file structure_2.pdb (PDB, C-alpha atoms)
ATOM      1  CA  MET A   1      66.290   6.557  97.185  1.00  0.00           C
ATOM      2  CA  PRO A   2      63.606   4.105  96.464  1.00  0.00           C
ATOM      3  CA  GLU A   3      64.769   1.013  94.654  1.00  0.00           C
ATOM      4  CA  GLN A   4      64.102   0.939  90.952  1.00  0.00           C
ATOM      5  CA  TYR A   5      63.227  -2.258  89.247  1.00  0.00           C
ATOM      6  CA  PRO A   6      63.734  -2.730  85.522  1.00  0.00           C
ATOM      7  CA  THR A   7      60.554  -2.590  83.565  1.00  0.00           C
ATOM      8  CA  PRO A   8      60.110  -5.113  80.770  1.00  0.00           C
ATOM      9  CA  SER A   9      60.588  -3.864  77.280  1.00  0.00           C
ATOM     10  CA  SER A  10      57.714  -4.072  74.812  1.00  0.00           C
ATOM     11  CA  GLU A  11      59.461  -7.034  73.143  1.00  0.00           C
ATOM     12  CA  GLN A  12      59.653  -8.850  76.450  1.00  0.00           C
ATOM     13  CA  GLU A  13      55.998  -8.075  77.076  1.00  0.00           C
ATOM     14  CA  GLU A  14      55.040  -9.522  73.694  1.00  0.00           C
ATOM     15  CA  MET A  15      57.111 -12.606  74.375  1.00  0.00           C
ATOM     16  CA  SER A  16      55.492 -13.175  77.716  1.00  0.00           C
ATOM     17  CA  ILE A  17      52.080 -12.661  76.217  1.00  0.00           C
ATOM     18  CA  ASP A  18      52.826 -15.033  73.359  1.00  0.00           C
ATOM     19  CA  MET A  19      54.209 -17.666  75.700  1.00  0.00           C
ATOM     20  CA  GLU A  20      51.241 -17.330  77.955  1.00  0.00           C
ATOM     21  CA  SER A  21      48.916 -17.587  74.996  1.00  0.00           C
ATOM     22  CA  MET A  22      50.676 -20.750  73.851  1.00  0.00           C
ATOM     23  CA  GLU A  23      50.553 -22.211  77.330  1.00  0.00           C
ATOM     24  CA  ASN A  24      46.859 -21.511  77.655  1.00  0.00           C
ATOM     25  CA  SER A  25      45.883 -22.668  74.144  1.00  0.00           C
ATOM     26  CA  THR A  26      44.815 -26.173  73.374  1.00  0.00           C
ATOM     27  CA  LEU A  27      44.891 -28.092  70.060  1.00  0.00           C
ATOM     28  CA  ALA A  28      41.538 -29.031  68.585  1.00  0.00           C
ATOM     29  CA  PRO A  29      41.304 -32.798  68.023  1.00  0.00           C
ATOM     30  CA  GLU A  30      41.393 -33.958  64.354  1.00  0.00           C
ATOM     31  CA  PRO A  31      38.051 -35.134  63.091  1.00  0.00           C
ATOM     32  CA  GLN A  32      37.908 -38.906  62.732  1.00  0.00           C
ATOM     33  CA  ALA A  33      35.808 -40.834  60.258  1.00  0.00           C
ATOM     34  CA  SER A  34      32.855 -42.390  61.912  1.00  0.00           C
ATOM     35  CA  PRO A  35      32.056 -46.065  61.367  1.00  0.00           C
ATOM     36  CA  GLY A  36      28.848 -44.994  59.684  1.00  0.00           C
ATOM     37  CA  GLY A  37      30.748 -42.901  57.112  1.00  0.00           C
ATOM     38  CA  LEU A  38      33.073 -45.763  56.242  1.00  0.00           C
ATOM     39  CA  SER A  39      30.124 -48.072  55.858  1.00  0.00           C
ATOM     40  CA  ARG A  40      28.394 -45.656  53.489  1.00  0.00           C
ATOM     41  CA  LEU A  41      31.594 -45.287  51.448  1.00  0.00           C
ATOM     42  CA  LEU A  42      31.970 -49.060  51.188  1.00  0.00           C
ATOM     43  CA  ARG A  43      28.364 -49.462  50.138  1.00  0.00           C
ATOM     44  CA  GLY A  44      28.871 -46.796  47.467  1.00  0.00           C
ATOM     45  CA  LEU A  45      31.907 -48.552  46.061  1.00  0.00           C
ATOM     46  CA  LEU A  46      30.141 -51.913  45.990  1.00  0.00           C
ATOM     47  CA  SER A  47      27.135 -50.332  44.334  1.00  0.00           C
ATOM     48  CA  GLU A  48      29.397 -48.833  41.656  1.00  0.00           C
ATOM     49  CA  LEU A  49      31.101 -52.182  41.153  1.00  0.00           C
ATOM     50  CA  PHE A  50      27.944 -54.249  40.781  1.00  0.00           C
ATOM     51  CA  GLY A  51      25.984 -51.540  39.023  1.00  0.00           C
ATOM     52  CA  THR A  52      28.517 -50.593  36.353  1.00  0.00           C
ATOM     53  CA  LEU A  53      31.602 -52.782  36.117  1.00  0.00           C
ATOM     54  CA  LEU A  54      29.991 -56.189  36.533  1.00  0.00           C
ATOM     55  CA  PRO A  55      27.369 -55.685  33.781  1.00  0.00           C
ATOM     56  CA  ALA A  56      30.117 -54.398  31.465  1.00  0.00           C
ATOM     57  CA  VAL A  57      32.181 -57.530  32.087  1.00  0.00           C
ATOM     58  CA  LEU A  58      29.154 -59.786  31.541  1.00  0.00           C
ATOM     59  CA  ILE A  59      28.298 -58.018  28.287  1.00  0.00           C
ATOM     60  CA  ALA A  60      31.883 -58.422  27.073  1.00  0.00           C
ATOM     61  CA  ILE A  61      31.798 -62.146  27.910  1.00  0.00           C
ATOM     62  CA  LEU A  62      28.476 -62.628  26.113  1.00  0.00           C
ATOM     63  CA  ILE A  63      29.736 -60.776  23.040  1.00  0.00           C
ATOM     64  CA  HIS A  64      32.864 -62.913  23.029  1.00  0.00           C
ATOM     65  CA  LEU A  65      30.946 -66.174  23.360  1.00  0.00           C
ATOM     66  CA  PHE A  66      27.974 -65.557  21.079  1.00  0.00           C
ATOM     67  CA  LEU A  67      28.440 -62.500  18.855  1.00  0.00           C
ATOM     68  CA  ALA A  68      32.033 -61.658  17.950  1.00  0.00           C
ATOM     69  CA  GLN A  69      35.615 -61.776  19.105  1.00  0.00           C
ATOM     70  CA  ALA A  70      38.953 -60.250  18.170  1.00  0.00           C
ATOM     71  CA  THR A  71      41.524 -62.694  16.818  1.00  0.00           C
ATOM     72  CA  ARG A  72      45.172 -62.471  15.831  1.00  0.00           C
ATOM     73  CA  VAL A  73      46.355 -64.289  12.710  1.00  0.00           C
ATOM     74  CA  TYR A  74      49.361 -66.578  12.989  1.00  0.00           C
ATOM     75  CA  GLY A  75      51.155 -68.168  10.063  1.00  0.00           C
ATOM     76  CA  GLN A  76      51.267 -67.670   6.313  1.00  0.00           C
ATOM     77  CA  SER A  77      48.474 -69.967   5.165  1.00  0.00           C
ATOM     78  CA  MET A  78      46.103 -67.127   4.186  1.00  0.00           C
ATOM     79  CA  GLU A  79      48.573 -64.887   2.376  1.00  0.00           C
ATOM     80  CA  PRO A  80      48.205 -62.631   0.482  1.00  0.00           C
ATOM     81  CA  THR A  81      44.765 -61.981   2.001  1.00  0.00           C
ATOM     82  CA  LEU A  82      45.923 -62.113   5.624  1.00  0.00           C
ATOM     83  CA  HIS A  83      49.365 -61.972   7.194  1.00  0.00           C
ATOM     84  CA  THR A  84      50.895 -62.935  10.526  1.00  0.00           C
ATOM     85  CA  ASN A  85      49.872 -60.540  13.330  1.00  0.00           C
ATOM     86  CA  ASP A  86      46.897 -59.158  11.416  1.00  0.00           C
ATOM     87  CA  ARG A  87      43.986 -58.585  13.810  1.00  0.00           C
ATOM     88  CA  VAL A  88      40.500 -59.489  12.659  1.00  0.00           C
ATOM     89  CA  ILE A  89      36.972 -59.493  14.038  1.00  0.00           C
ATOM     90  CA  VAL A  90      35.286 -62.897  13.863  1.00  0.00           C
ATOM     91  CA  GLU A  91      31.507 -62.648  13.956  1.00  0.00           C
ATOM     92  CA  LYS A  92      29.510 -65.610  15.245  1.00  0.00           C
ATOM     93  CA  ILE A  93      25.922 -64.587  14.633  1.00  0.00           C
ATOM     94  CA  SER A  94      25.281 -64.859  10.853  1.00  0.00           C
ATOM     95  CA  TYR A  95      25.754 -68.643  10.684  1.00  0.00           C
ATOM     96  CA  ARG A  96      22.915 -69.040  13.161  1.00  0.00           C
ATOM     97  CA  PHE A  97      20.620 -67.844  10.360  1.00  0.00           C
ATOM     98  CA  ARG A  98      22.348 -69.026   7.191  1.00  0.00           C
ATOM     99  CA  PRO A  99      24.960 -71.620   6.180  1.00  0.00           C
ATOM    100  CA  PRO A 100      28.524 -70.656   5.254  1.00  0.00           C
ATOM    101  CA  LYS A 101      28.984 -69.520   1.669  1.00  0.00           C
ATOM    102  CA  ARG A 102      31.724 -70.272  -0.808  1.00  0.00           C
ATOM    103  CA  GLY A 103      34.468 -67.678  -0.404  1.00  0.00           C
ATOM    104  CA  ASP A 104      33.773 -66.980   3.268  1.00  0.00           C
ATOM    105  CA  ILE A 105      36.889 -66.731   5.426  1.00  0.00           C
ATOM    106  CA  VAL A 106      36.140 -68.839   8.482  1.00  0.00           C
ATOM    107  CA  VAL A 107      37.742 -69.934  11.743  1.00  0.00           C
ATOM    108  CA  VAL A 108      37.590 -73.704  12.277  1.00  0.00           C
ATOM    109  CA  LYS A 109      38.495 -75.802  15.298  1.00  0.00           C
ATOM    110  CA  LEU A 110      38.941 -79.455  14.465  1.00  0.00           C
ATOM    111  CA  ASN A 111      38.863 -80.749  18.036  1.00  0.00           C
ATOM    112  CA  GLU A 112      39.219 -79.596  21.612  1.00  0.00           C
ATOM    113  CA  ARG A 113      43.004 -79.981  21.621  1.00  0.00           C
ATOM    114  CA  SER A 114      43.718 -78.281  18.307  1.00  0.00           C
ATOM    115  CA  GLN A 115      44.383 -74.606  17.693  1.00  0.00           C
ATOM    116  CA  PRO A 116      41.783 -72.696  15.643  1.00  0.00           C
ATOM    117  CA  LEU A 117      42.641 -72.355  11.960  1.00  0.00           C
ATOM    118  CA  ILE A 118      41.605 -69.578   9.609  1.00  0.00           C
ATOM    119  CA  LYS A 119      40.697 -70.809   6.090  1.00  0.00           C
ATOM    120  CA  ARG A 120      38.439 -70.087   3.139  1.00  0.00           C
ATOM    121  CA  VAL A 121      35.325 -72.089   2.268  1.00  0.00           C
ATOM    122  CA  VAL A 122      35.821 -73.623  -1.177  1.00  0.00           C
ATOM    123  CA  GLY A 123      33.438 -76.590  -1.369  1.00  0.00           C
ATOM    124  CA  LEU A 124      29.853 -76.818  -0.069  1.00  0.00           C
ATOM    125  CA  PRO A 125      27.805 -79.788   1.195  1.00  0.00           C
ATOM    126  CA  GLY A 126      26.705 -82.148  -1.567  1.00  0.00           C
ATOM    127  CA  GLU A 127      29.175 -80.799  -4.162  1.00  0.00           C
ATOM    128  CA  THR A 128      31.836 -82.892  -5.861  1.00  0.00           C
ATOM    129  CA  ILE A 129      35.311 -81.407  -5.516  1.00  0.00           C
ATOM    130  CA  ALA A 130      38.497 -82.368  -7.318  1.00  0.00           C
ATOM    131  CA  ILE A 131      42.028 -80.984  -7.541  1.00  0.00           C
ATOM    132  CA  ARG A 132      44.192 -81.534 -10.597  1.00  0.00           C
ATOM    133  CA  GLY A 133      46.628 -79.576 -12.695  1.00  0.00           C
ATOM    134  CA  GLY A 134      46.967 -76.910 -10.007  1.00  0.00           C
ATOM    135  CA  ARG A 135      43.251 -76.056 -10.118  1.00  0.00           C
ATOM    136  CA  VAL A 136      40.195 -76.722  -7.966  1.00  0.00           C
ATOM    137  CA  PHE A 137      37.139 -78.147  -9.723  1.00  0.00           C
ATOM    138  CA  ILE A 138      33.580 -78.031  -8.370  1.00  0.00           C
ATOM    139  CA  ASN A 139      31.117 -80.409 -10.031  1.00  0.00           C
ATOM    140  CA  GLY A 140      33.541 -80.743 -12.931  1.00  0.00           C
ATOM    141  CA  GLN A 141      33.993 -76.989 -13.479  1.00  0.00           C
ATOM    142  CA  PRO A 142      37.192 -75.043 -12.651  1.00  0.00           C
ATOM    143  CA  LEU A 143      36.695 -72.712  -9.722  1.00  0.00           C
ATOM    144  CA  ASP A 144      37.505 -69.045 -10.217  1.00  0.00           C
ATOM    145  CA  GLU A 145      39.751 -68.027  -7.315  1.00  0.00           C
ATOM    146  CA  PRO A 146      41.057 -64.446  -7.735  1.00  0.00           C
ATOM    147  CA  TYR A 147      42.442 -64.500  -4.175  1.00  0.00           C
ATOM    148  CA  VAL A 148      44.946 -67.293  -4.978  1.00  0.00           C
ATOM    149  CA  GLN A 149      48.372 -66.416  -6.422  1.00  0.00           C
ATOM    150  CA  THR A 150      49.932 -69.897  -6.535  1.00  0.00           C
ATOM    151  CA  PRO A 151      48.742 -73.214  -8.021  1.00  0.00           C
ATOM    152  CA  THR A 152      46.833 -75.637  -5.809  1.00  0.00           C
ATOM    153  CA  HIS A 153      49.328 -78.437  -5.363  1.00  0.00           C
ATOM    154  CA  GLY A 154      48.308 -82.020  -4.785  1.00  0.00           C
ATOM    155  CA  ARG A 155      45.788 -84.239  -6.448  1.00  0.00           C
ATOM    156  CA  LEU A 156      42.317 -85.053  -5.218  1.00  0.00           C
ATOM    157  CA  PRO A 157      40.079 -87.368  -7.241  1.00  0.00           C
ATOM    158  CA  PRO A 158      36.437 -86.316  -7.542  1.00  0.00           C
ATOM    159  CA  THR A 159      35.077 -86.507  -4.011  1.00  0.00           C
ATOM    160  CA  ARG A 160      31.574 -85.790  -2.825  1.00  0.00           C
ATOM    161  CA  ILE A 161      31.411 -83.500   0.210  1.00  0.00           C
ATOM    162  CA  PRO A 162      29.128 -84.976   2.906  1.00  0.00           C
ATOM    163  CA  ALA A 163      26.040 -83.176   4.143  1.00  0.00           C
ATOM    164  CA  MET A 164      26.770 -80.431   6.718  1.00  0.00           C
ATOM    165  CA  HIS A 165      30.477 -80.500   5.803  1.00  0.00           C
ATOM    166  CA  TYR A 166      32.653 -77.902   4.084  1.00  0.00           C
ATOM    167  CA  PHE A 167      35.901 -78.133   2.142  1.00  0.00           C
ATOM    168  CA  VAL A 168      38.266 -75.376   3.307  1.00  0.00           C
ATOM    169  CA  LEU A 169      41.619 -74.248   1.877  1.00  0.00           C
ATOM    170  CA  GLY A 170      44.179 -71.590   2.726  1.00  0.00           C
ATOM    171  CA  ASP A 171      44.770 -68.887   0.119  1.00  0.00           C
ATOM    172  CA  ASN A 172      48.502 -69.675   0.225  1.00  0.00           C
ATOM    173  CA  ARG A 173      48.213 -73.169  -1.183  1.00  0.00           C
ATOM    174  CA  ASP A 174      51.952 -73.834  -0.773  1.00  0.00           C
ATOM    175  CA  ALA A 175      51.880 -73.301   3.011  1.00  0.00           C
ATOM    176  CA  SER A 176      48.479 -74.363   4.272  1.00  0.00           C
ATOM    177  CA  ASN A 177      47.231 -77.221   6.406  1.00  0.00           C
ATOM    178  CA  ASP A 178      43.670 -77.578   5.172  1.00  0.00           C
ATOM    179  CA  SER A 179      41.031 -79.999   3.880  1.00  0.00           C
ATOM    180  CA  ARG A 180      43.574 -81.546   1.515  1.00  0.00           C
ATOM    181  CA  ASN A 181      45.046 -83.044   4.689  1.00  0.00           C
ATOM    182  CA  PHE A 182      42.207 -83.402   7.202  1.00  0.00           C
ATOM    183  CA  GLY A 183      39.220 -83.607   4.848  1.00  0.00           C
ATOM    184  CA  PRO A 184      35.955 -81.666   4.875  1.00  0.00           C
ATOM    185  CA  VAL A 185      35.099 -80.075   8.220  1.00  0.00           C
ATOM    186  CA  PRO A 186      31.699 -80.512   9.898  1.00  0.00           C
ATOM    187  CA  ARG A 187      29.492 -77.460  10.286  1.00  0.00           C
ATOM    188  CA  GLU A 188      29.838 -77.449  14.073  1.00  0.00           C
ATOM    189  CA  SER A 189      33.610 -77.057  13.751  1.00  0.00           C
ATOM    190  CA  ILE A 190      33.197 -73.650  12.130  1.00  0.00           C
ATOM    191  CA  LEU A 191      33.375 -71.083  14.933  1.00  0.00           C
ATOM    192  CA  GLY A 192      32.582 -67.997  12.910  1.00  0.00           C
ATOM    193  CA  ARG A 193      33.360 -65.800   9.927  1.00  0.00           C
ATOM    194  CA  ALA A 194      36.345 -63.446   9.757  1.00  0.00           C
ATOM    195  CA  LEU A 195      34.562 -60.252   8.798  1.00  0.00           C
ATOM    196  CA  PHE A 196      36.760 -57.225   9.403  1.00  0.00           C
ATOM    197  CA  ARG A 197      40.485 -56.479   9.724  1.00  0.00           C
ATOM    198  CA  TYR A 198      41.290 -53.689  12.193  1.00  0.00           C
ATOM    199  CA  TRP A 199      45.085 -54.013  12.284  1.00  0.00           C
ATOM    200  CA  PRO A 200      47.407 -52.924  10.754  1.00  0.00           C
ATOM    201  CA  PRO A 201      45.859 -49.454  10.318  1.00  0.00           C
ATOM    202  CA  HIS A 202      46.727 -49.134   6.623  1.00  0.00           C
ATOM    203  CA  GLN A 203      44.775 -52.318   5.847  1.00  0.00           C
ATOM    204  CA  ILE A 204      41.634 -51.661   7.890  1.00  0.00           C
ATOM    205  CA  GLY A 205      38.535 -52.912   6.110  1.00  0.00           C
ATOM    206  CA  PHE A 206      36.136 -55.744   5.399  1.00  0.00           C
ATOM    207  CA  LEU A 207      37.539 -59.068   4.240  1.00  0.00           C
ATOM    208  CA  HIS A 208      36.636 -60.656   0.924  1.00  0.00           C
TER     209      HIS A 208
END

call {"tool": "encode", "arguments": {"input": "structure_2.pdb", "output": "structure tokens"}}
result
Amino acid sequence: MPEQYPTPSSEQEEMSIDMESMENSTLAPEPQASPGGLSRLLRGLLSELFGTLLPAVLIAILIHLFLAQATRVYGQSMEPTLHTNDRVIVEKISYRFRPPKRGDIVVVKLNERSQPLIKRVVGLPGETIAIRGGRVFINGQPLDEPYVQTPTHGRLPPTRIPAMHYFVLGDNRDASNDSRNFGPVPRESILGRALFRYWPPHQIGFLH
């Protein structure tokens, strides 16, 4: 009888075909970024940086230096008008066109080493100011101050305010370091006017 050899089953045939296919197949190489593509990407990022972010930063710096800035209040010297941790906008543009007015709430910096103070303008250049009996007098007349809830302590004999100087006081006269201590402040020491309170939310509004 002729010898019989086992024939492969269909499963064995598939396996041999699959193995052969795997042996004969090759993996396609992964695409790699070309130096030119990376260069274009870098140029795009730099263009975005200098075209968008840098002008925004410069505008913010200019606004801060010349137009307005956000400031946090520290201390009790302006209560009840302002309280510690109130946030206010200080505008710097209006005093380039007009002098400070009586009643303005201003930020003053006495010298380079001192911290800015927030006070209210009470006396104007050329006026005569006096403090007696818990009241402020301007040119001999008592000053109406609806924002003050306590007497103005201390005594100041009639004093003429020099040209380009302003007499400033805190609304909380019991807890304020102001012109009663350091005298009238020169115009150049006034950094700007506190215009608007934006924090806390329930007290948002313009300052008076």

call {"tool": "resolve_selection", "arguments": {"input": "structure_2.pdb", "expression": "the PyMOL selection byres ((chain A and resi 157) around 9)", "output": "ChimeraX atom specification"}}
result
/A:129-132,155-156,158-159

call {"tool": "resolve_selection", "arguments": {"input": "structure_2.pdb", "expression": "the PyMOL selection byres ((chain A and resi 205) around 12)", "output": "list of chain:residue names"}}
result
A:Thr81, A:Leu82, A:Asp86, A:Arg87, A:Val88, A:Ile89, A:Ala194, A:Leu195, A:Phe196, A:Arg197, A:Tyr198, A:Trp199, A:Pro200, A:Pro201, A:His202, A:Gln203, A:Ile204, A:Phe206, A:Leu207, A:His208

call {"tool": "axis_aligned_box", "arguments": {"input": "structure_2.pdb", "around": "region 145-157 of chain A", "padding_each_side": "5 Å", "output": "AutoDock Vina command-line options"}}
result
--center_x 44.8 --center_y -75.9 --center_z -6.1 --size_x 20.2 --size_y 32.9 --size_z 13.8

call {"tool": "resolve_selection", "arguments": {"input": "structure_2.pdb", "expression": "the PyMOL selection byres ((chain A and resi 165) around 10)", "output": "list of chain:residue names"}}
result
A:Gly123, A:Leu124, A:Pro125, A:Gly126, A:Ile161, A:Pro162, A:Ala163, A:Met164, A:Tyr166, A:Phe167, A:Val168, A:Gly183, A:Pro184, A:Val185, A:Pro186, A:Arg187, A:Glu188, A:Ser189, A:Ile190

call {"tool": "atom_distance", "arguments": {"input": "structure_2.pdb", "atom1": "CA of Lys109 (chain A)", "atom2": "CA of Ala68 (chain A)"}}
result
15.8 Å

call {"tool": "atom_distance", "arguments": {"input": "structure_2.pdb", "atom1": "CA of Val106 (chain A)", "atom2": "CA of Lys119 (chain A)"}}
result
5.5 Å

call {"tool": "residues_near_point", "arguments": {"input": "structure_2.pdb", "point": "(29.4, -80.3, -7.1)", "cutoff": "6 Å", "atoms": "all atoms listed in the file", "output": "count of residues only"}}
result
4

call {"tool": "atom_distance", "arguments": {"input": "structure_2.pdb", "atom1": "CA of Glu79 (chain A)", "atom2": "CA of Gln149 (chain A)"}}
result
8.9 Å

call {"tool": "residues_around", "arguments": {"input": "structure_2.pdb", "residues": "Leu169 (chain A)", "least_positions_apart": "5", "cutoff": "7 Å", "atoms": "all atoms listed in the file", "output": "mmCIF file with C-alpha atoms, in the coordinates of the input"}}
result
data_model
loop_
_atom_site.group_PDB
_atom_site.id
_atom_site.type_symbol
_atom_site.label_atom_id
_atom_site.label_comp_id
_atom_site.auth_asym_id
_atom_site.auth_seq_id
_atom_site.Cartn_x
_atom_site.Cartn_y
_atom_site.Cartn_z
ATOM 1 C CA LYS A 119 40.697 -70.809 6.090
ATOM 2 C CA ARG A 120 38.439 -70.087 3.139
ATOM 3 C CA VAL A 121 35.325 -72.089 2.268
ATOM 4 C CA VAL A 122 35.821 -73.623 -1.177
ATOM 5 C CA ASP A 178 43.670 -77.578 5.172
ATOM 6 C CA SER A 179 41.031 -79.999 3.880
#

call {"tool": "closest_residue", "arguments": {"input": "structure_2.pdb", "among": "A:Arg40, A:Arg96, A:Arg173, A:Arg160", "to": "Tyr147 (chain A)", "atoms": "all atoms listed in the file"}}
result
A:Arg173

call {"tool": "closest_residue", "arguments": {"input": "structure_2.pdb", "among": "A:Val107, A:Val148, A:Leu45, A:Ile118", "to": "Asp171 (chain A)", "atoms": "all atoms listed in the file"}}
result
A:Val148

call {"tool": "closest_residue", "arguments": {"input": "structure_2.pdb", "among": "A:Arg180, A:Leu110, A:Lys92, A:Thr71", "to": "Val136 (chain A)", "atoms": "all atoms listed in the file"}}
result
A:Arg180

call {"tool": "closest_residue", "arguments": {"input": "structure_2.pdb", "among": "A:Gly154, A:Gly192, A:Pro100, A:Gly44", "to": "Gln69 (chain A)", "atoms": "all atoms listed in the file"}}
result
A:Gly192
